$ cat input33.tsv   # TSV, C-alpha atoms
chain	number	residue	atom	x	y	z
A	1	MET	CA	31.33	64.00	-105.81
A	2	GLY	CA	33.24	60.79	-105.27
A	3	ARG	CA	35.13	59.65	-102.26
A	4	LYS	CA	38.57	61.24	-101.88
A	5	GLU	CA	41.47	58.93	-102.58
A	6	LYS	CA	44.53	58.86	-100.34
A	7	PHE	CA	48.15	58.40	-101.50
A	8	VAL	CA	51.28	57.59	-99.58
A	9	TYR	CA	54.95	58.11	-100.62
A	10	ASN	CA	56.94	54.91	-101.01
A	11	ILE	CA	60.55	55.59	-100.07
A	12	HIS	CA	61.70	52.47	-101.80
A	13	THR	CA	60.23	53.27	-105.22
A	14	LEU	CA	60.33	57.04	-104.73
A	15	THR	CA	56.79	57.25	-106.04
A	16	TYR	CA	53.30	58.03	-104.63
A	17	GLU	CA	51.11	54.99	-104.37
A	18	LYS	CA	47.38	54.80	-103.79
A	19	LEU	CA	46.44	53.84	-100.15
A	20	VAL	CA	44.30	50.74	-100.02
A	21	ILE	CA	42.68	49.93	-96.54
A	22	PRO	CA	41.77	46.25	-96.11
A	23	PHE	CA	38.12	45.40	-95.54
A	24	LYS	CA	38.81	43.84	-92.15
A	25	THR	CA	40.51	46.98	-90.94
A	26	ARG	CA	37.64	49.10	-92.16
A	27	LEU	CA	35.23	46.77	-90.33
A	28	TRP	CA	37.08	47.14	-87.02
A	29	GLN	CA	37.21	50.89	-87.46
A	30	ALA	CA	33.46	50.98	-87.99
A	31	PHE	CA	32.86	48.78	-84.95
A	32	GLY	CA	35.10	50.97	-82.82
A	33	PHE	CA	33.30	54.11	-83.93
A	34	PHE	CA	29.92	52.50	-83.23
A	35	SER	CA	31.04	51.40	-79.76
A	36	VAL	CA	32.22	54.88	-78.92
A	37	VAL	CA	28.90	56.28	-80.05
A	38	VAL	CA	26.93	53.76	-77.96
A	39	VAL	CA	29.00	54.27	-74.79
A	40	THR	CA	28.85	58.01	-75.19
A	41	SER	CA	25.09	57.82	-75.70
A	42	PHE	CA	24.57	55.78	-72.52
A	43	ALA	CA	26.81	58.12	-70.54
A	44	LEU	CA	24.92	61.13	-71.80
A	45	LEU	CA	21.61	59.38	-71.08
A	46	ALA	CA	22.69	58.54	-67.52
A	47	LEU	CA	23.88	62.08	-67.01
A	48	LEU	CA	20.60	63.32	-68.36
A	49	TYR	CA	18.56	61.14	-65.99
A	50	THR	CA	20.76	62.23	-63.09
A	51	LEU	CA	20.45	65.90	-63.78
A	52	PHE	CA	16.90	65.75	-65.12
A	53	PRO	CA	15.02	62.78	-63.51
A	54	SER	CA	11.67	61.77	-64.87
A	55	PRO	CA	8.44	62.62	-63.02
A	56	ARG	CA	8.19	58.99	-61.90
A	57	GLU	CA	11.71	59.06	-60.49
A	58	LYS	CA	11.01	62.33	-58.72
A	59	GLU	CA	7.91	60.79	-57.14
A	60	LEU	CA	9.87	57.71	-56.02
A	61	VAL	CA	12.66	59.85	-54.53
A	62	ARG	CA	10.12	61.91	-52.54
A	63	GLU	CA	8.44	58.75	-51.32
A	64	ILE	CA	11.75	57.23	-50.22
A	65	GLU	CA	12.66	60.42	-48.35
A	66	GLN	CA	9.29	60.40	-46.57
A	67	MET	CA	9.71	56.73	-45.71
A	68	GLU	CA	13.17	57.40	-44.27
A	69	TYR	CA	11.75	60.22	-42.16
A	70	LYS	CA	8.89	58.04	-40.90
A	71	TYR	CA	11.28	55.16	-40.32
A	72	ASN	CA	13.53	57.34	-38.16
A	73	GLN	CA	10.46	58.52	-36.24
A	74	LEU	CA	9.38	54.90	-35.70
A	75	ASP	CA	12.86	53.96	-34.50
A	76	GLY	CA	12.81	56.86	-32.05
A	77	GLN	CA	9.35	55.91	-30.77
A	78	LEU	CA	10.53	52.35	-30.21
A	79	GLY	CA	13.43	53.68	-28.15
A	80	MET	CA	11.07	55.82	-26.08
A	81	MET	CA	8.65	52.90	-25.56
A	82	SER	CA	11.55	50.74	-24.41
A	83	LYS	CA	12.54	53.38	-21.82
A	84	VAL	CA	8.95	53.66	-20.55
A	85	LEU	CA	8.65	49.87	-20.28
A	86	SER	CA	11.96	49.70	-18.41
A	87	ASN	CA	10.63	52.31	-15.97
A	88	ILE	CA	7.45	50.26	-15.46
A	89	GLN	CA	9.57	47.18	-14.89
A	90	GLN	CA	11.65	49.00	-12.26
A	91	ARG	CA	8.50	50.11	-10.44
A	92	ASP	CA	7.20	46.57	-10.72
A	93	ALA	CA	10.45	45.34	-9.12
A	94	ASN	CA	10.06	47.84	-6.27
A	95	VAL	CA	6.52	46.60	-5.58
A	96	HIS	CA	7.73	42.99	-5.58
A	97	ARG	CA	10.53	43.80	-3.12
A	98	ALA	CA	8.97	46.42	-0.84
A	99	VAL	CA	5.34	45.29	-0.69
A	100	PHE	CA	5.44	41.53	-1.14
A	101	GLY	CA	9.06	40.73	-0.30
A	102	MET	CA	9.53	38.73	-3.48
A	103	ASP	CA	12.26	38.66	-6.09
A	104	PRO	CA	11.38	40.68	-9.24
A	105	ILE	CA	12.19	39.69	-12.84
A	106	ASP	CA	15.88	38.80	-13.12
A	107	ALA	CA	17.84	41.54	-14.91
A	108	ASP	CA	19.62	39.03	-17.16
A	109	VAL	CA	16.28	37.55	-18.24
A	110	TRP	CA	14.83	41.02	-18.83
A	111	ASN	CA	17.73	42.24	-20.99
A	112	ALA	CA	18.41	39.00	-22.86
A	113	GLY	CA	18.20	39.20	-26.69
A	114	ILE	CA	16.37	36.73	-28.90
A	115	GLY	CA	18.71	36.11	-31.83
A	116	GLY	CA	19.08	39.48	-33.64
A	117	HIS	CA	19.33	39.28	-37.43
A	118	GLU	CA	19.41	35.49	-37.35
A	119	SER	CA	15.75	35.55	-36.39
A	120	HIS	CA	14.96	37.32	-39.69
A	121	PRO	CA	16.87	35.48	-42.45
A	122	GLU	CA	14.70	37.09	-45.11
A	123	LEU	CA	16.65	40.35	-44.60
A	124	ALA	CA	19.62	38.84	-46.41
A	125	ALA	CA	17.84	39.70	-49.67
A	126	PHE	CA	18.10	43.42	-48.85
A	127	LYS	CA	21.60	44.49	-49.81
A	128	TYR	CA	21.41	48.10	-48.63
A	129	GLY	CA	18.58	48.42	-46.10
A	130	GLY	CA	18.73	44.98	-44.48
A	131	GLU	CA	21.01	45.98	-41.62
A	132	ALA	CA	18.95	49.02	-40.59
A	133	VAL	CA	15.67	47.11	-40.86
A	134	GLY	CA	17.17	44.21	-38.90
A	135	ALA	CA	18.27	46.48	-36.07
A	136	THR	CA	14.78	47.93	-35.74
A	137	LEU	CA	13.13	44.51	-35.92
A	138	GLU	CA	15.46	43.38	-33.16
A	139	LYS	CA	14.18	46.26	-31.00
A	140	VAL	CA	10.59	45.31	-31.82
A	141	ASP	CA	11.23	41.67	-30.93
A	142	MET	CA	12.85	42.59	-27.61
A	143	LEU	CA	10.06	45.03	-26.79
A	144	ALA	CA	7.45	42.35	-27.52
A	145	ARG	CA	9.32	39.88	-25.34
A	146	GLN	CA	9.65	42.35	-22.46
A	147	LEU	CA	5.96	43.22	-22.73
A	148	ALA	CA	5.13	39.52	-22.38
A	149	LEU	CA	7.40	39.25	-19.32
A	150	GLN	CA	5.86	42.37	-17.78
A	151	SER	CA	2.35	41.06	-18.43
A	152	LYS	CA	3.15	37.83	-16.59
A	153	SER	CA	4.72	39.81	-13.75
A	154	LEU	CA	1.59	41.96	-13.42
A	155	ASP	CA	-0.53	38.79	-13.33
A	156	THR	CA	1.63	37.62	-10.43
A	157	LEU	CA	1.23	40.98	-8.68
A	158	GLN	CA	-2.53	40.83	-9.13
A	159	ASP	CA	-2.64	37.33	-7.61
A	160	LEU	CA	-0.47	38.50	-4.72
A	161	ALA	CA	-2.64	41.57	-4.20
A	162	ASN	CA	-5.82	39.49	-4.21
A	163	ASN	CA	-4.28	37.10	-1.72
A	164	GLN	CA	-3.02	40.04	0.34
A	165	GLN	CA	-6.49	41.55	0.35
A	166	LYS	CA	-7.94	38.24	1.53
A	167	MET	CA	-5.24	38.02	4.19
A	168	LEU	CA	-5.90	41.57	5.43
A	169	ALA	CA	-9.61	40.81	5.71
A	170	SER	CA	-8.87	37.58	7.59
A	171	LEU	CA	-6.34	38.89	10.12
A	172	PRO	CA	-7.87	39.96	13.46
A	173	SER	CA	-7.87	43.74	13.22
A	174	VAL	CA	-10.91	45.13	15.09
A	175	LYS	CA	-11.97	45.02	18.73
A	176	PRO	CA	-14.45	42.20	19.39
A	177	VAL	CA	-16.75	44.62	21.25
A	178	ARG	CA	-17.57	48.03	19.84
A	179	GLU	CA	-15.90	50.73	21.90
A	180	ASP	CA	-19.17	52.64	22.37
A	181	LYS	CA	-20.67	49.50	23.93
A	182	LEU	CA	-17.97	49.00	26.54
A	183	GLN	CA	-19.12	49.55	30.11
A	184	LYS	CA	-15.89	51.23	31.17
A	185	SER	CA	-13.16	53.15	29.43
A	186	ILE	CA	-11.04	50.95	27.22
A	187	GLY	CA	-8.07	52.30	29.10
A	188	THR	CA	-9.08	50.23	32.17
A	189	LEU	CA	-9.15	46.85	30.43
A	190	SER	CA	-7.20	43.95	31.88
A	191	GLY	CA	-4.34	43.12	29.56
A	192	PHE	CA	-2.12	40.29	28.38
A	193	GLY	CA	0.49	38.85	30.73
A	194	TYR	CA	0.78	37.87	34.39
A	195	ARG	CA	-2.11	39.16	36.50
A	196	ILE	CA	-3.66	38.49	39.90
A	197	HIS	CA	-6.40	35.91	39.39
A	198	PRO	CA	-9.71	37.25	40.83
A	199	VAL	CA	-10.75	33.91	42.31
A	200	TYR	CA	-7.52	32.14	43.24
A	201	LYS	CA	-5.77	35.41	44.25
A	202	ILE	CA	-2.49	34.21	42.81
A	203	ARG	CA	-0.27	35.60	40.09
A	204	LYS	CA	-1.28	33.77	36.92
A	205	PHE	CA	-0.67	34.21	33.20
A	206	HIS	CA	-3.59	35.98	31.49
A	207	ALA	CA	-3.60	34.95	27.82
A	208	GLY	CA	-5.96	37.63	26.51
A	209	LEU	CA	-7.74	40.93	27.04
A	210	ASP	CA	-10.85	41.46	29.15
A	211	PHE	CA	-13.45	43.85	27.66
A	212	PRO	CA	-16.03	44.87	30.34
A	213	ALA	CA	-19.54	45.27	28.87
A	214	ARG	CA	-23.17	44.72	29.82
A	215	VAL	CA	-24.68	41.26	29.47
A	216	GLY	CA	-26.22	40.94	26.03
A	217	THR	CA	-23.80	43.31	24.28
A	218	ALA	CA	-23.06	42.06	20.77
A	219	ILE	CA	-19.71	40.34	20.18
A	220	GLN	CA	-18.27	40.61	16.66
A	221	ALA	CA	-15.70	38.55	14.79
A	222	SER	CA	-12.43	40.42	14.59
A	223	GLY	CA	-11.65	39.01	11.12
A	224	ASP	CA	-12.93	36.74	8.37
A	225	GLY	CA	-12.70	33.05	9.18
A	226	ILE	CA	-14.39	29.76	9.99
A	227	ILE	CA	-16.06	28.89	13.30
A	228	VAL	CA	-14.08	25.87	14.49
A	229	GLU	CA	-15.43	25.53	18.04
A	230	THR	CA	-18.57	26.55	19.92
A	231	GLY	CA	-19.90	25.51	23.32
A	232	TRP	CA	-18.86	25.23	26.93
A	233	HIS	CA	-15.16	25.54	27.72
A	234	GLN	CA	-13.81	24.91	31.19
A	235	GLY	CA	-12.95	28.24	32.77
A	236	TYR	CA	-14.18	30.29	29.78
A	237	GLY	CA	-17.81	29.21	29.98
A	238	ASN	CA	-19.64	29.64	26.68
A	239	CYS	CA	-16.88	30.01	24.16
A	240	VAL	CA	-16.34	30.48	20.41
A	241	LYS	CA	-13.12	29.88	18.52
A	242	ILE	CA	-12.50	31.18	14.97
A	243	SER	CA	-9.76	30.07	12.55
A	244	HIS	CA	-8.72	32.97	10.36
A	245	GLY	CA	-6.11	31.12	8.32
A	246	TYR	CA	-2.48	32.21	7.91
A	247	GLY	CA	-1.79	30.69	11.35
A	248	TYR	CA	-4.23	32.91	13.30
A	249	GLU	CA	-7.07	31.90	15.65
A	250	THR	CA	-9.18	33.97	18.04
A	251	LEU	CA	-11.08	32.89	21.16
A	252	TYR	CA	-14.12	34.60	22.73
A	253	GLY	CA	-15.06	33.55	26.26
A	254	HIS	CA	-17.67	33.99	29.04
A	255	MET	CA	-20.47	34.54	26.49
A	256	SER	CA	-24.09	34.58	27.60
A	257	LYS	CA	-25.31	33.53	24.15
A	258	ILE	CA	-23.69	31.98	21.08
A	259	THR	CA	-25.26	32.88	17.71
A	260	ALA	CA	-22.60	31.38	15.40
A	261	ARG	CA	-22.59	27.74	14.29
A	262	GLN	CA	-19.60	25.46	14.10
A	263	GLY	CA	-18.30	25.25	10.51
A	264	GLU	CA	-19.89	28.58	9.55
A	265	HIS	CA	-17.91	31.03	7.41
A	266	ILE	CA	-17.89	34.34	9.22
A	267	LYS	CA	-17.06	37.88	8.09
A	268	LYS	CA	-15.19	40.59	9.99
A	269	GLY	CA	-17.66	42.55	12.14
A	270	GLN	CA	-20.35	39.83	11.97
A	271	LYS	CA	-22.11	39.01	15.26
A	272	ILE	CA	-21.12	35.67	16.79
A	273	GLY	CA	-22.73	35.97	20.23
A	274	GLU	CA	-23.36	38.18	23.28
A	275	VAL	CA	-21.33	39.25	26.31
A	276	GLY	CA	-21.99	37.25	29.46
A	277	ASP	CA	-20.64	36.19	32.84
A	278	THR	CA	-20.39	32.42	32.37
A	279	GLY	CA	-17.54	30.20	33.50
A	280	LEU	CA	-14.89	31.36	35.94
A	281	SER	CA	-15.76	35.06	35.83
A	282	THR	CA	-16.31	37.76	38.44
A	283	ALA	CA	-18.18	40.32	36.30
A	284	PRO	CA	-19.81	40.59	32.85
A	285	HIS	CA	-17.08	40.89	30.25
A	286	LEU	CA	-15.62	39.32	27.12
A	287	HIS	CA	-12.34	37.47	27.39
A	288	TYR	CA	-10.59	37.75	24.01
A	289	GLU	CA	-7.49	35.86	22.88
A	290	VAL	CA	-5.42	35.85	19.68
A	291	HIS	CA	-3.29	32.80	18.86
A	292	TYR	CA	-0.61	32.54	16.20
A	293	LYS	CA	0.53	29.06	15.21
A	294	GLY	CA	-0.95	27.67	18.41
A	295	ASN	CA	0.64	30.19	20.79
A	296	PRO	CA	-1.18	33.08	22.50
A	297	ILE	CA	0.03	36.55	21.52
A	298	ASN	CA	-0.91	39.96	22.82
A	299	PRO	CA	-4.34	40.87	21.36
A	300	ILE	CA	-3.71	44.56	21.93
A	301	ASN	CA	-1.65	44.60	18.73
A	302	PHE	CA	-4.87	43.77	16.84
A	303	CYS	CA	-7.17	46.37	18.45
A	304	MET	CA	-6.12	49.57	16.70
A	305	ASP	CA	-9.42	50.29	14.92
A	306	ASN	CA	-10.90	53.77	15.39
A	307	LEU	CA	-8.08	54.81	17.74
A	308	THR	CA	-5.70	57.70	17.30
A	309	PRO	CA	-2.01	56.94	17.92
A	310	GLN	CA	-2.28	58.72	21.29
A	311	GLU	CA	-5.37	56.71	22.32
A	312	TYR	CA	-3.75	53.48	21.22
A	313	GLN	CA	-0.59	54.21	23.23
A	314	GLN	CA	-2.74	55.03	26.27
A	315	MET	CA	-4.53	51.71	25.89
A	316	VAL	CA	-1.22	49.84	25.58
A	317	ASN	CA	0.15	51.50	28.71
A	318	SER	CA	-3.00	50.69	30.68
A	319	ALA	CA	-3.13	47.08	29.50
A	320	ASN	CA	0.52	46.55	30.47
A	321	MET	CA	-0.07	47.60	34.05
A	322	ALA	CA	-0.12	44.70	36.50
A	323	ASN	CA	-3.68	44.60	37.78
A	324	GLN	CA	-6.36	42.05	38.53
A	325	SER	CA	-8.06	40.26	35.66
A	326	LEU	CA	-11.79	39.56	35.49
A	327	ASP	CA	-11.28	35.80	34.93
$ encode --input "input33.tsv" --output "C-alpha cells"
Amino acid sequence: MGRKEKFVYNIHTLTYEKLVIPFKTRLWQAFGFFSVVVVTSFALLALLYTLFPSPREKELVREIEQMEYKYNQLDGQLGMMSKVLSNIQQRDANVHRAVFGMDPIDADVWNAGIGGHESHPELAAFKYGGEAVGATLEKVDMLARQLALQSKSLDTLQDLANNQQKMLASLPSVKPVREDKLQKSIGTLSGFGYRIHPVYKIRKFHAGLDFPARVGTAIQASGDGIIVETGWHQGYGNCVKISHGYGYETLYGHMSKITARQGEHIKKGQKIGEVGDTGLSTAPHLHYEVHYKGNPINPINFCMDNLTPQEYQQMVNSANMANQSLD
C-alpha cells in the first residue's frame, strides 16, 4: 500500500492541488522528531535511575550515608576533646597561679586561630563538601595547636615542681637535734630575741635557739646544702655553717665534735657533728641559727617537724618568754 497523498484547496483556482512538502522541510521535521525522542529518552532514563537506582548506586548511597554519620560523630568527638582540653588548661592555669605564683597561658594565645580555610587551599576543589570539611579541619588544627601549647606548659610545670621539690628539701625544716635526744622538754628552750646573757648578765640579742642536750648527742643538718664553714668561731666555739641556697644559711654552735667537712654536700637529717659546751657557753647545748639573705630570723618557724599544732604553739609561747639564754 503506497503512501497517502495529501491535497489542498486552492481558492484562487477553485481546484484541489496535490500537496508537495519540500525536502528541507521534511529534513527539519525529521530532526525535530528525533530530538524529541532523544530528550524524552534521556528524561525517562534519568527518571528511571532516580526511581530505580542500580545496585552500584545503592551501595554508594549507603556508603555516603554511613560516612556522613561517622563524620558527624567525629565532629562531635572533636568538640568534646576541645572541651576536655580547655578544662585541663584551666586547671593548669590554677596550678600556675595558686601553687607557683606564675602567669598561665595567655587566653588570647590559647584561643587564637591559625588561618582557617586558607590553611587548606586544596579544599577549593570540593564544591559541595569543602566548607564542612574545612570547618572540621580548622578544629583539628586548633586542637593540635592547643595540645602543643599545653604540652609546653606541662613541661614548665614539671620543671617548676622539680625545682620546688629541691627547694623544699633544701629549706631548713627539721630540728637540728632529735626531740627524743633533748635533755629537757623542748618547751623550756631559750628562744630568739633579747635575753639575759648568762655570762655578762646584760640584756642582749639572742640570734638563735638553744637546744639543751648531753655532750656527744648527734647534730643533724636541718636541710640539704653545702658546708661553707667549719672550725672555731669566737663565742660559738666549734661551729658549722651550711648554705642551703635560696638565700638560707644555718649555723650550729658550741659543738664538741665536727664530723662534716668544708665544701661537702650534705643531706637533710645527715649528721654534721655532736653537741658540746665549747666557746662562751654555760651548759651543754646546741646553739642553732637560721639566716635569710644574711639576716638572722627566728628558727622556731623551721622546727615544726613531728609536732602537733598544739605542741608547736606551746613551743612558740615558751621560746618567746624572756628568759636567760645558755650562751
$ closest_residue --input "input33.tsv" --among "A:Gly294, A:Thr217, A:Val36, A:Thr25" --to "Ser256 in chain A" --atoms "only C-alpha atoms"
A:Thr217
$ atom_distance --input "input33.tsv" --atom1 "CA of Asp180 in chain A" --atom2 "CA of Asp305 in chain A"
12.5 Å
$ axis_aligned_box --input "input33.tsv" --around "range 294-304 of chain A" --padding-each-side "5 Å" --output "AutoDock Vina command-line options"
--center_x -3.3 --center_y 38.6 --center_z 19.8 --size_x 17.8 --size_y 31.9 --size_z 16.1
$ residues_around --input "input33.tsv" --residues "range 236-246 of chain A" --least-positions-apart "5" --cutoff "8 Å" --atoms "only C-alpha atoms" --output "list in words"
Met167, Ser170, Leu171, Pro172, Gly223, Asp224, Gly225, Ile226, Ile227, Val228, Glu229, Thr230, Gly231, Leu251, Tyr252, Gly253, His254, Met255, Ser256, Lys257, Ile258, Ile272, Thr278, Gly279, Leu280, Ser281 and His287 of chain A
$ atom_distance --input "input33.tsv" --atom1 "CA of Val177 in chain A" --atom2 "CA of Ile266 in chain A"
15.9 Å
$ atom_distance --input "input33.tsv" --atom1 "CA of Ala112 in chain A" --atom2 "CA of Lys83 in chain A"
15.6 Å
$ closest_residue --input "input33.tsv" --among "A:Phe205, A:Asp92, A:Thr136, A:His233" --to "Leu149 in chain A" --atoms "all atoms listed in the file"
A:Asp92
$ closest_residue --input "input33.tsv" --among "A:Ala93, A:Ser41, A:Glu138, A:Tyr292" --to "Ile105 in chain A" --atoms "all atoms listed in the file"
A:Ala93
$ closest_residue --input "input33.tsv" --among "A:Asn163, A:Asn10, A:Gln270, A:Gln146" --to "Arg178 in chain A" --atoms "all atoms listed in the file"
A:Gln270
$ residues_near_point --input "input33.tsv" --point "(-19.7, 43.3, 28.1)" --cutoff "8 Å" --atoms "only C-alpha atoms" --output "ChimeraX atom specification"
/A:177,181-183,211-217,274-276,284-286
$ write_last_selection --input "input33.tsv" --atoms "C-alpha atoms" --output "PDB file, in the coordinates of the input"
ATOM      1  CA  VAL A 177     -16.750  44.620  21.250  1.00  0.00           C
ATOM      2  CA  LYS A 181     -20.670  49.500  23.930  1.00  0.00           C
ATOM      3  CA  LEU A 182     -17.970  49.000  26.540  1.00  0.00           C
ATOM      4  CA  GLN A 183     -19.120  49.550  30.110  1.00  0.00           C
ATOM      5  CA  PHE A 211     -13.450  43.850  27.660  1.00  0.00           C
ATOM      6  CA  PRO A 212     -16.030  44.870  30.340  1.00  0.00           C
ATOM      7  CA  ALA A 213     -19.540  45.270  28.870  1.00  0.00           C
ATOM      8  CA  ARG A 214     -23.170  44.720  29.820  1.00  0.00           C
ATOM      9  CA  VAL A 215     -24.680  41.260  29.470  1.00  0.00           C
ATOM     10  CA  GLY A 216     -26.220  40.940  26.030  1.00  0.00           C
ATOM     11  CA  THR A 217     -23.800  43.310  24.280  1.00  0.00           C
ATOM     12  CA  GLU A 274     -23.360  38.180  23.280  1.00  0.00           C
ATOM     13  CA  VAL A 275     -21.330  39.250  26.310  1.00  0.00           C
ATOM     14  CA  GLY A 276     -21.990  37.250  29.460  1.00  0.00           C
ATOM     15  CA  PRO A 284     -19.810  40.590  32.850  1.00  0.00           C
ATOM     16  CA  HIS A 285     -17.080  40.890  30.250  1.00  0.00           C
ATOM     17  CA  LEU A 286     -15.620  39.320  27.120  1.00  0.00           C
TER      18      LEU A 286
END
$ residues_around --input "input33.tsv" --residues "Lys175 in chain A" --least-positions-apart "4" --cutoff "9 Å" --atoms "all atoms listed in the file" --output "PyMOL selection string"
chain A and resi 179+220-222+300+302-305
$ residues_around --input "input33.tsv" --residues "Gln77 in chain A" --least-positions-apart "5" --cutoff "12 Å" --atoms "only C-alpha atoms" --output "tab-separated table (two decimals) with C-alpha atoms, in the frame of the given file"
chain	number	residue	atom	x	y	z
A	70	LYS	CA	8.89	58.04	-40.90
A	71	TYR	CA	11.28	55.16	-40.32
A	72	ASN	CA	13.53	57.34	-38.16
A	82	SER	CA	11.55	50.74	-24.41
A	83	LYS	CA	12.54	53.38	-21.82
A	84	VAL	CA	8.95	53.66	-20.55
A	136	THR	CA	14.78	47.93	-35.74
A	139	LYS	CA	14.18	46.26	-31.00
A	140	VAL	CA	10.59	45.31	-31.82
A	143	LEU	CA	10.06	45.03	-26.79
